[in-house]
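Okay, input.pdb now, which holds PDB, C-alpha atoms (C1' of nucleotides):
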ATOM      1  CA  MET I  22    -185.900 137.137-103.742
ATOM      2  CA  ASN I  23    -182.631 135.304-103.171
ATOM      3  CA  PRO I  24    -183.529 131.719-102.162
ATOM      4  CA  ASP I  25    -180.761 131.537 -99.575
ATOM      5  CA  ALA I  26    -182.271 134.468 -97.733
ATOM      6  CA  LEU I  27    -185.312 132.341 -96.897
ATOM      7  CA  ARG I  28    -183.213 129.776 -95.074
ATOM      8  CA  GLY I  29    -184.352 129.555 -91.524
ATOM      9  CA  HIS I  30    -187.412 131.739 -92.092
ATOM     10  CA  MET I  31    -189.566 129.336 -94.080
ATOM     11  CA  ASP I  32    -190.992 127.687 -90.977
ATOM     12  CA  ALA I  33    -192.188 130.969 -89.530
ATOM     13  CA  LEU I  34    -193.830 131.855 -92.832
ATOM     14  CA  LEU I  35    -195.651 128.550 -93.120
ATOM     15  CA  LEU I  36    -196.801 128.422 -89.530
ATOM     16  CA  SER I  37    -197.873 132.021 -89.743
ATOM     17  CA  VAL I  38    -200.078 131.448 -92.759
ATOM     18  CA  LEU I  39    -201.723 128.545 -90.968
ATOM     19  CA  GLU I  40    -202.389 130.541 -87.842
ATOM     20  CA  ARG I  41    -205.847 131.699 -88.851
ATOM     21  CA  GLU I  42    -207.149 128.620 -90.557
ATOM     22  CA  PRO I  43    -206.093 125.219 -91.871
ATOM     23  CA  LEU I  44    -204.997 125.216 -95.502
ATOM     24  CA  HIS I  45    -203.666 122.734 -98.034
ATOM     25  CA  GLY I  46    -200.249 123.115 -99.633
ATOM     26  CA  TYR I  47    -201.318 124.734-102.845
ATOM     27  CA  ALA I  48    -203.436 127.256-100.968
ATOM     28  CA  ILE I  49    -200.526 128.031 -98.674
ATOM     29  CA  ILE I  50    -198.395 128.905-101.676
ATOM     30  CA  GLU I  51    -201.108 131.202-102.984
ATOM     31  CA  ALA I  52    -201.585 132.779 -99.577
ATOM     32  CA  LEU I  53    -197.871 133.551 -99.302
ATOM     33  CA  LEU I  54    -197.880 135.034-102.773
ATOM     34  CA  GLU I  55    -200.864 137.203-101.988
ATOM     35  CA  ARG I  56    -199.841 138.299 -98.522
ATOM     36  CA  SER I  57    -196.391 139.291 -99.740
ATOM     37  CA  GLY I  58    -197.774 141.337-102.594
ATOM     38  CA  GLY I  59    -196.368 138.910-105.148
ATOM     39  CA  ALA I  60    -192.839 138.828-103.731
ATOM     40  CA  LEU I  61    -192.949 135.349-102.236
ATOM     41  CA  ASN I  62    -193.434 132.791-104.960
ATOM     42  CA  VAL I  63    -192.325 129.656-103.162
ATOM     43  CA  PRO I  64    -191.933 126.534-105.321
ATOM     44  CA  THR I  65    -193.842 123.359-104.521
ATOM     45  CA  GLY I  66    -190.542 121.532-104.087
ATOM     46  CA  THR I  67    -189.894 123.784-101.132
ATOM     47  CA  VAL I  68    -193.316 123.861 -99.543
ATOM     48  CA  TYR I  69    -194.405 120.231 -99.606
ATOM     49  CA  PRO I  70    -191.271 118.794 -98.014
ATOM     50  CA  ALA I  71    -191.254 121.627 -95.473
ATOM     51  CA  LEU I  72    -194.853 120.903 -94.472
ATOM     52  CA  ARG I  73    -194.048 117.240 -93.979
ATOM     53  CA  ARG I  74    -191.046 118.162 -91.911
ATOM     54  CA  LEU I  75    -193.131 120.467 -89.722
ATOM     55  CA  GLU I  76    -195.705 117.726 -89.281
ATOM     56  CA  ARG I  77    -192.993 115.238 -88.342
ATOM     57  CA  ILE I  78    -191.745 117.656 -85.694
ATOM     58  CA  GLY I  79    -195.265 118.047 -84.384
ATOM     59  CA  TYR I  80    -195.991 121.659 -85.278
ATOM     60  CA  LEU I  81    -198.611 120.652 -87.817
ATOM     61  CA  SER I  82    -201.158 117.912 -88.251
ATOM     62  CA  SER I  83    -202.779 116.959 -91.525
ATOM     63  CA  GLU I  84    -205.739 115.157 -92.981
ATOM     64  CA  TRP I  85    -206.906 114.291 -96.469
ATOM     65  CA  ALA I  86    -210.011 115.744 -97.997
ATOM     66  CA  THR I  87    -211.590 115.498-101.415
ATOM     67  CA  VAL I  88    -212.966 118.731-102.829
ATOM     68  CA  GLY I  89    -214.437 118.797-106.315
ATOM     69  CA  GLY I  90    -212.881 115.475-107.202
ATOM     70  CA  ARG I  91    -209.447 116.686-106.098
ATOM     71  CA  LYS I  92    -207.513 115.374-103.178
ATOM     72  CA  ARG I  93    -206.077 117.803-100.726
ATOM     73  CA  ARG I  94    -203.974 117.328 -97.683
ATOM     74  CA  THR I  95    -205.028 119.996 -95.259
ATOM     75  CA  TYR I  96    -202.563 121.166 -92.634
ATOM     76  CA  ARG I  97    -203.513 122.543 -89.276
ATOM     77  CA  LEU I  98    -201.426 124.228 -86.584
ATOM     78  CA  THR I  99    -201.045 122.163 -83.403
ATOM     79  CA  ASP I 100    -200.756 123.715 -79.959
ATOM     80  CA  SER I 101    -197.071 123.015 -80.074
ATOM     81  CA  GLY I 102    -196.870 124.709 -83.462
ATOM     82  CA  ARG I 103    -198.747 127.719 -82.206
ATOM     83  CA  LYS I 104    -196.344 128.062 -79.337
ATOM     84  CA  HIS I 105    -193.392 127.613 -81.632
ATOM     85  CA  LEU I 106    -194.722 130.324 -83.908
ATOM     86  CA  GLU I 107    -194.558 132.803 -81.048
ATOM     87  CA  GLY I 108    -190.897 131.955 -80.627
ATOM     88  CA  GLU I 109    -190.301 132.308 -84.359
ATOM     89  CA  ARG I 110    -191.926 135.710 -84.339
ATOM     90  CA  SER I 111    -189.766 137.079 -81.577
ATOM     91  CA  ALA I 112    -186.716 135.449 -83.156
ATOM     92  CA  TRP I 113    -187.579 137.247 -86.376
ATOM     93  CA  ARG I 114    -187.933 140.564 -84.635
ATOM     94  CA  GLU I 115    -184.550 140.183 -83.011
ATOM     95  CA  PHE I 116    -182.969 139.023 -86.244
ATOM     96  CA  ALA I 117    -184.376 141.933 -88.227
ATOM     97  CA  THR I 118    -183.312 144.397 -85.567
ATOM     98  CA  VAL I 119    -179.782 143.051 -85.397
ATOM     99  CA  ILE I 120    -179.110 142.743 -89.119
ATOM    100  CA  GLY I 121    -180.929 145.936 -89.974
ATOM    101  CA  GLY I 122    -179.077 147.673 -87.194
ATOM    102  CA  VAL I 123    -175.656 146.633 -88.427
ATOM    103  CA  LEU I 124    -176.471 147.578 -92.020
ATOM    104  CA  ARG I 125    -178.010 150.903 -91.104
ATOM    105  CA  ALA I 126    -175.319 151.740 -88.563
ATOM    106  CA  GLU I 127    -172.673 151.532 -91.247
ATOM    107  CA  ALA I 128    -174.598 153.588 -93.742
ATOM    108  CA  ALA I 129    -175.294 156.239 -91.120
ATOM    109  CA  GLU I 130    -171.675 156.407 -90.020
ATOM    110  CA  VAL I 131    -170.426 156.660 -93.551
ATOM    111  CA  SER I 132    -172.730 159.499 -94.440
ATOM    112  CA  ALA I 133    -171.942 161.204 -91.152
ATOM    113  CA  ALA I 134    -168.225 160.839 -91.902
ATOM    114  CA  ARG I 135    -168.735 162.201 -95.397
ATOM    115  CA  ALA I 136    -170.717 165.127 -94.067
ATOM    116  CA  ALA I 137    -168.031 165.836 -91.463
ATOM    117  CA  ASN I 138    -165.235 165.582 -94.009
ATOM    118  CA  GLY I 139    -166.937 167.335 -96.832
TER     119      GLY I 139
ATOM    120  CA  MET C  17    -179.018 133.492 -83.356
ATOM    121  CA  ASN C  18    -180.012 130.556 -85.551
ATOM    122  CA  PRO C  19    -177.111 129.978 -87.999
ATOM    123  CA  ASP C  20    -179.424 129.195 -90.894
ATOM    124  CA  ALA C  21    -181.005 132.594 -90.593
ATOM    125  CA  LEU C  22    -177.702 134.189 -91.580
ATOM    126  CA  ARG C  23    -177.660 132.375 -94.915
ATOM    127  CA  GLY C  24    -177.657 134.933 -97.667
ATOM    128  CA  HIS C  25    -177.090 137.853 -95.321
ATOM    129  CA  MET C  26    -173.468 137.244 -94.379
ATOM    130  CA  ASP C  27    -172.123 139.056 -97.428
ATOM    131  CA  ALA C  28    -174.051 142.219 -96.654
ATOM    132  CA  LEU C  29    -172.812 142.141 -93.067
ATOM    133  CA  LEU C  30    -169.178 141.732 -94.053
ATOM    134  CA  LEU C  31    -169.237 144.311 -96.816
ATOM    135  CA  SER C  32    -171.073 146.699 -94.539
ATOM    136  CA  VAL C  33    -168.470 146.471 -91.789
ATOM    137  CA  LEU C  34    -165.742 147.171 -94.343
ATOM    138  CA  GLU C  35    -167.526 150.182 -95.732
ATOM    139  CA  ARG C  36    -165.868 152.702 -93.475
ATOM    140  CA  GLU C  37    -162.378 151.308 -93.308
ATOM    141  CA  PRO C  38    -160.302 148.268 -94.223
ATOM    142  CA  LEU C  39    -160.114 145.631 -91.507
ATOM    143  CA  HIS C  40    -158.580 142.203 -91.001
ATOM    144  CA  GLY C  41    -160.686 139.137 -90.338
ATOM    145  CA  TYR C  42    -160.348 139.030 -86.600
ATOM    146  CA  ALA C  43    -161.236 142.710 -86.318
ATOM    147  CA  ILE C  44    -164.264 142.157 -88.534
ATOM    148  CA  ILE C  45    -165.553 139.518 -86.144
ATOM    149  CA  GLU C  46    -165.091 141.887 -83.223
ATOM    150  CA  ALA C  47    -166.752 144.719 -85.110
ATOM    151  CA  LEU C  48    -169.801 142.567 -85.874
ATOM    152  CA  LEU C  49    -170.006 141.519 -82.243
ATOM    153  CA  GLU C  50    -169.801 145.094 -81.059
ATOM    154  CA  ARG C  51    -172.110 146.645 -83.622
ATOM    155  CA  SER C  52    -174.769 144.029 -82.961
ATOM    156  CA  GLY C  53    -174.660 144.552 -79.229
ATOM    157  CA  GLY C  54    -173.193 141.097 -78.695
ATOM    158  CA  ALA C  55    -175.781 139.247 -80.765
ATOM    159  CA  LEU C  56    -173.588 138.418 -83.745
ATOM    160  CA  ASN C  57    -170.753 136.157 -82.679
ATOM    161  CA  VAL C  58    -169.671 134.782 -86.030
ATOM    162  CA  PRO C  59    -167.151 131.914 -85.933
ATOM    163  CA  THR C  60    -163.827 132.178 -87.755
ATOM    164  CA  GLY C  61    -164.767 129.165 -89.849
ATOM    165  CA  THR C  62    -167.538 131.264 -91.306
ATOM    166  CA  VAL C  63    -165.752 134.562 -91.728
ATOM    167  CA  TYR C  64    -162.430 133.569 -93.269
ATOM    168  CA  PRO C  65    -163.853 131.451 -96.073
ATOM    169  CA  ALA C  66    -166.503 134.090 -96.746
ATOM    170  CA  LEU C  67    -163.883 136.831 -97.044
ATOM    171  CA  ARG C  68    -161.910 134.756 -99.524
ATOM    172  CA  ARG C  69    -165.041 134.092-101.506
ATOM    173  CA  LEU C  70    -165.866 137.781-101.614
ATOM    174  CA  GLU C  71    -162.341 138.543-102.737
ATOM    175  CA  ARG C  72    -162.552 135.901-105.445
ATOM    176  CA  ILE C  73    -165.749 137.489-106.713
ATOM    177  CA  GLY C  74    -164.054 140.875-106.718
ATOM    178  CA  TYR C  75    -165.959 142.660-103.979
ATOM    179  CA  LEU C  76    -162.908 142.763-101.740
ATOM    180  CA  SER C  77    -159.163 143.074-102.155
ATOM    181  CA  SER C  78    -156.611 142.104 -99.520
ATOM    182  CA  GLU C  79    -153.019 142.640 -98.515
ATOM    183  CA  TRP C  80    -150.790 141.285 -95.797
ATOM    184  CA  ALA C  81    -149.437 143.452 -93.017
ATOM    185  CA  THR C  82    -147.379 142.715 -89.931
ATOM    186  CA  VAL C  83    -148.462 144.494 -86.770
ATOM    187  CA  GLY C  84    -146.707 143.797 -83.492
ATOM    188  CA  GLY C  85    -145.126 140.635 -84.834
ATOM    189  CA  ARG C  86    -148.511 139.331 -85.978
ATOM    190  CA  LYS C  87    -149.518 138.809 -89.534
ATOM    191  CA  ARG C  88    -152.805 140.191 -90.688
ATOM    192  CA  ARG C  89    -154.585 140.018 -93.962
ATOM    193  CA  THR C  90    -156.404 143.272 -94.357
ATOM    194  CA  TYR C  91    -159.501 143.399 -96.528
ATOM    195  CA  ARG C  92    -160.692 146.443 -98.378
ATOM    196  CA  LEU C  93    -163.944 147.125-100.244
ATOM    197  CA  THR C  94    -163.493 147.466-104.005
ATOM    198  CA  ASP C  95    -165.637 149.758-106.135
ATOM    199  CA  SER C  96    -167.511 146.717-107.308
ATOM    200  CA  GLY C  97    -168.022 145.674-103.705
ATOM    201  CA  ARG C  98    -169.269 149.089-102.744
ATOM    202  CA  LYS C  99    -171.776 148.984-105.528
ATOM    203  CA  HIS C 100    -172.817 145.483-104.593
ATOM    204  CA  LEU C 101    -173.347 146.580-101.013
ATOM    205  CA  GLU C 102    -175.929 149.092-102.140
ATOM    206  CA  GLY C 103    -177.805 146.274-103.824
ATOM    207  CA  GLU C 104    -177.512 144.128-100.715
ATOM    208  CA  ARG C 105    -178.916 146.931 -98.602
ATOM    209  CA  SER C 106    -181.988 147.425-100.721
ATOM    210  CA  ALA C 107    -182.420 143.653-100.995
ATOM    211  CA  TRP C 108    -182.348 143.498 -97.214
ATOM    212  CA  ARG C 109    -184.932 146.226 -96.878
ATOM    213  CA  GLU C 110    -187.261 144.422 -99.248
ATOM    214  CA  PHE C 111    -186.660 141.102 -97.553
ATOM    215  CA  ALA C 112    -187.338 142.494 -94.088
ATOM    216  CA  THR C 113    -190.456 144.257 -95.299
ATOM    217  CA  VAL C 114    -191.837 141.168 -97.003
ATOM    218  CA  ILE C 115    -191.128 138.650 -94.236
ATOM    219  CA  GLY C 116    -192.032 141.057 -91.472
ATOM    220  CA  GLY C 117    -195.169 141.976 -93.330
ATOM    221  CA  VAL C 118    -196.347 138.392 -93.685
ATOM    222  CA  LEU C 119    -195.613 137.597 -90.040
ATOM    223  CA  ARG C 120    -197.217 140.753 -88.723
ATOM    224  CA  ALA C 121    -200.206 140.508 -91.050
ATOM    225  CA  GLU C 122    -201.121 137.147 -89.603
ATOM    226  CA  ALA C 123    -200.697 138.238 -86.025
ATOM    227  CA  ALA C 124    -202.802 141.342 -86.655
ATOM    228  CA  GLU C 125    -205.567 139.380 -88.363
ATOM    229  CA  VAL C 126    -205.669 136.815 -85.633
ATOM    230  CA  SER C 127    -205.977 139.343 -82.865
ATOM    231  CA  ALA C 128    -208.550 141.270 -84.895
ATOM    232  CA  ALA C 129    -210.536 138.058 -85.359
ATOM    233  CA  ARG C 130    -210.265 137.285 -81.657
ATOM    234  CA  ALA C 131    -211.416 140.765 -80.765
ATOM    235  CA  ALA C 132    -214.324 140.481 -83.182
ATOM    236  CA  ASN C 133    -215.338 137.054 -81.900
ATOM    237  CA  GLY C 134    -214.814 137.530 -78.255
TER     238      GLY C 134
ATOM    239  C1'  DT J  18    -139.804 127.571 -67.243
ATOM    240  C1'  DA J  19    -144.209 126.269 -68.369
ATOM    241  C1'  DT J  20    -148.660 127.544 -69.170
ATOM    242  C1'  DC J  21    -152.447 130.235 -70.243
ATOM    243  C1'  DT J  22    -155.004 133.626 -72.772
ATOM    244  C1'  DA J  23    -155.690 136.757 -76.478
ATOM    245  C1'  DC J  24    -154.581 137.515 -81.045
ATOM    246  C1'  DA J  25    -154.641 135.830 -85.904
ATOM    247  C1'  DT J  26    -155.399 132.857 -90.037
ATOM    248  C1'  DA J  27    -156.798 128.801 -92.360
ATOM    249  C1'  DT J  28    -159.036 124.419 -94.108
ATOM    250  C1'  DA J  29    -161.524 119.857 -94.313
ATOM    251  C1'  DG J  30    -165.648 118.030 -94.148
ATOM    252  C1'  DC J  31    -170.534 117.958 -92.196
ATOM    253  C1'  DC J  32    -175.179 119.063 -92.871
ATOM    254  C1'  DA J  33    -179.652 121.442 -93.346
ATOM    255  C1'  DG J  34    -182.722 122.994 -96.300
ATOM    256  C1'  DC J  35    -184.208 125.423-100.402
ATOM    257  C1'  DC J  36    -184.067 124.567-105.116
ATOM    258  C1'  DT J  37    -184.670 122.439-110.001
ATOM    259  C1'  DA J  38    -186.621 119.054-112.474
ATOM    260  C1'  DC J  39    -189.577 115.668-113.007
ATOM    261  C1'  DA J  40    -193.625 112.405-112.295
ATOM    262  C1'  DT J  41    -198.512 111.857-111.607
ATOM    263  C1'  DG J  42    -203.264 112.781-111.800
ATOM    264  C1'  DT J  43    -208.139 115.488-111.974
ATOM    265  C1'  DA J  44    -211.407 119.152-113.697
ATOM    266  C1'  DG J  45    -213.044 122.325-116.756
ATOM    267  C1'  DA J  46    -212.596 125.311-120.744
ATOM    268  C1'  DC J  47    -212.056 125.788-125.612
TER     269       DC J  47
ATOM    270  C1'  DG B  15    -207.992 116.336-127.859
ATOM    271  C1'  DT B  16    -205.478 119.880-125.885
ATOM    272  C1'  DC B  17    -204.518 123.267-122.701
ATOM    273  C1'  DT B  18    -204.484 125.403-118.274
ATOM    274  C1'  DA B  19    -205.283 125.497-113.494
ATOM    275  C1'  DC B  20    -205.385 122.717-109.603
ATOM    276  C1'  DA B  21    -202.910 119.492-106.518
ATOM    277  C1'  DT B  22    -199.217 116.512-104.387
ATOM    278  C1'  DG B  23    -194.986 114.460-104.266
ATOM    279  C1'  DT B  24    -189.786 112.911-104.594
ATOM    280  C1'  DA B  25    -184.816 112.564-106.058
ATOM    281  C1'  DG B  26    -180.881 114.764-106.144
ATOM    282  C1'  DG B  27    -178.040 119.094-106.409
ATOM    283  C1'  DC B  28    -175.906 122.884-104.436
ATOM    284  C1'  DT B  29    -174.508 126.279-101.333
ATOM    285  C1'  DG B  30    -172.717 128.235 -97.493
ATOM    286  C1'  DG B  31    -172.505 128.562 -92.541
ATOM    287  C1'  DC B  32    -170.789 125.464 -88.997
ATOM    288  C1'  DT B  33    -167.671 122.337 -86.027
ATOM    289  C1'  DA B  34    -163.398 120.820 -85.296
ATOM    290  C1'  DT B  35    -158.844 121.163 -85.843
ATOM    291  C1'  DA B  36    -154.167 122.902 -87.014
ATOM    292  C1'  DT B  37    -150.725 126.444 -86.693
ATOM    293  C1'  DG B  38    -148.262 130.177 -84.833
ATOM    294  C1'  DT B  39    -147.037 134.834 -82.085
ATOM    295  C1'  DA B  40    -147.104 137.937 -77.912
ATOM    296  C1'  DG B  41    -147.590 138.907 -73.326
ATOM    297  C1'  DA B  42    -149.064 137.800 -68.668
ATOM    298  C1'  DT B  43    -148.753 134.906 -64.797
ATOM    299  C1'  DA B  44    -147.439 131.161 -61.856
TER     300       DA B  44
END
What is this file in structure tokens?
Amino acid sequence: MNPDALRGHMDALLLSVLEREPLHGYAIIEALLERSGGALNVPTGTVYPALRRLERIGYLSSEWATVGGRKRRTYRLTDSGRKHLEGERSAWREFATVIGGVLRAEAAEVSAARAANG
Amino acid sequence: MNPDALRGHMDALLLSVLEREPLHGYAIIEALLERSGGALNVPTGTVYPALRRLERIGYLSSEWATVGGRKRRTYRLTDSGRKHLEGERSAWREFATVIGGVLRAEAAEVSAARAANG
DNA sequence: TATCTACATATAGCCAGCCTACATGTAGAC
DNA sequence: GTCTACATGTAGGCTGGCTATATGTAGATA
């Protein structure tokens, strides 16, 4: 997965994973890996700063917890974040439709042209 | 359309538009606008540098032409570029499947949970 | 004549954000 | 005592899409 491709979609991914239940950073990374069938192995250097950014904006809130002698910062979706996620989802749908449409349109036209000419 | 979202997908778009026929920069911008139903209005400051980059890599070749007193630099897909486009297309399909899958999975689970609980 | 719009290309420099690389520490297995 | 998994974090790099600007032609319109 080309890192650049994730630009602008990371937020949706993170908020989405937190939609069901609060999770800490490490668990979020594992959840993304699992839910993507192993395709999305996001480095900690991406996730932790992104979570802080999302908290700063107000889409997430966090609190510390100690589980089994380990400290975790657990992130939770705020109302604002939940609302924002809806927007991200529809933005994604439009994005995928537009890009996919342009890419497919060309392929279809080319094969149609080849069929017509050949 | 959030600019950041285009990161890493611009190349595929440009190569795709040039698949059928050679075009000059301005025409490429118009083609993207048209083929996306008006959604993709890419600024010249994005397209021209990107075309030069793609030519430098070897995916495109260009030549100058004068049409109606105006100078145009016409870009054409090279064999290498055509091959690369195939890769871009399958990369896009995987990307869209993965991201879309994660986003949809969450939405589905949440509504399933809501249905189950309420 | 001047001005405006569409056509057409180009570059400098900004900036967001994802990444690599590294630092730090605990728990449990071996 | 060493290794791996768990867990969080930051500094700094890099890339590439963007804004803003410069330059110039052609044709319409006032």
Inset, instruction - May I ask for the distance between atom CA of C:Met17 and atom CA of I:Asp100, given in Å to one decimal place? - result: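 One can read the atom CA of C:Met17 to atom CA of I:Asp100 distance as 24.1 Å.
Proximity to chain I at a cut-off of 9 Å picks out DG34, DC35, DC36, DT37, DT43 and DA44 of chain J on chain J, counting all atoms listed in the file.
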Legend entry - the PyMOL selection byres ((chain I and resi 50-57) around 10) applied to the shown file, residues as a ChimeraX atom specification: /I:34-35,37-39,44-49,58-65,67-69 /C:113-119,121-122
Legend entry - Residues matched by the PyMOL selection byres ((chain B) within 9 of (chain C)) as a VMD selection string: chain B and resid 30 to 33 39 to 40
Legend entry - Closest of C:His100, C:Arg92, C:Glu37, C:Glu71 to chain I - atom-to-atom distances counting all atoms listed in the file: C:Glu37
Inset, instruction - Using only C-alpha atoms, find the one residue out of C:Lys99, C:Leu93, C:Asn18, C:Arg72 that sits nearest to chain I. - result: C:Asn18
Legend entry - Residue nearest chain I among C:Ala128, C:Leu67, C:Arg105, C:Pro38 (counting all atoms listed in the file):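 Of C:Ala128, C:Leu67, C:Arg105, C:Pro38, the one nearest chain I, counting all atoms listed in the file, is C:Arg105.
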Inset, instruction - I would like the residues chosen by the PyMOL selection byres ((chain C and resi 94) around 8) on the shown file; could you give them as a list in words? - result: Gly74, Tyr75, Leu76, Ser77, Arg92, Leu93, Asp95, Ser96, Gly97 and Arg98 of chain C
Output the selection as a CSV table (one decimal), in the frame of the given file - C-alpha atoms for each residue.
chain,number,residue,atom,x,y,z
C,74,GLY,CA,-164.1,140.9,-106.7
C,75,TYR,CA,-166.0,142.7,-104.0
C,76,LEU,CA,-162.9,142.8,-101.7
C,77,SER,CA,-159.2,143.1,-102.2
C,92,ARG,CA,-160.7,146.4,-98.4
C,93,LEU,CA,-163.9,147.1,-100.2
C,95,ASP,CA,-165.6,149.8,-106.1
C,96,SER,CA,-167.5,146.7,-107.3
C,97,GLY,CA,-168.0,145.7,-103.7
C,98,ARG,CA,-169.3,149.1,-102.7
Legend entry - Between atom CA of C:Val83 and atom C1' of J:DT20, distance in Å (one decimal): 24.4 Å
Legend entry - Two-atom distance - atom C1' of J:DT18, atom C1' of B:DT37 (Å):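 Separation of atom C1' of J:DT18 and atom C1' of B:DT37: 22.3 Å.
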Legend entry - Radius query 10 Å about (-159.2, 118.7, -93.9), atoms used: all atoms listed in the file, as a list of chain:residue names: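 The residues that fall inside the cut-off are J:DT28, J:DA29, J:DG30, B:DA34, B:DT35, B:DA36.
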Legend entry - Pick from I:His30, I:Ala136, I:Arg74, I:Ala129 nearest to chain C, counting all atoms listed in the file: I:His30
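Nearest residue to chain I among C:Ala28, C:Ile73, C:Arg68, C:Ala81 is C:Ala28, counting all atoms listed in the file.
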Legend entry - Nearest to chain C, chosen from I:Asp32, I:Arg93, I:Glu107, I:Arg41, with all atoms listed in the file counted in the distances: I:Arg41
Coordinates of box centre and edge lengths for stretch 67-80 of chain I, 8 Å on every side, axis-aligned, as AutoDock Vina command-line options:
--center_x -192.9 --center_y 119.5 --center_z -92.8 --size_x 22.1 --size_y 24.6 --size_z 32.7
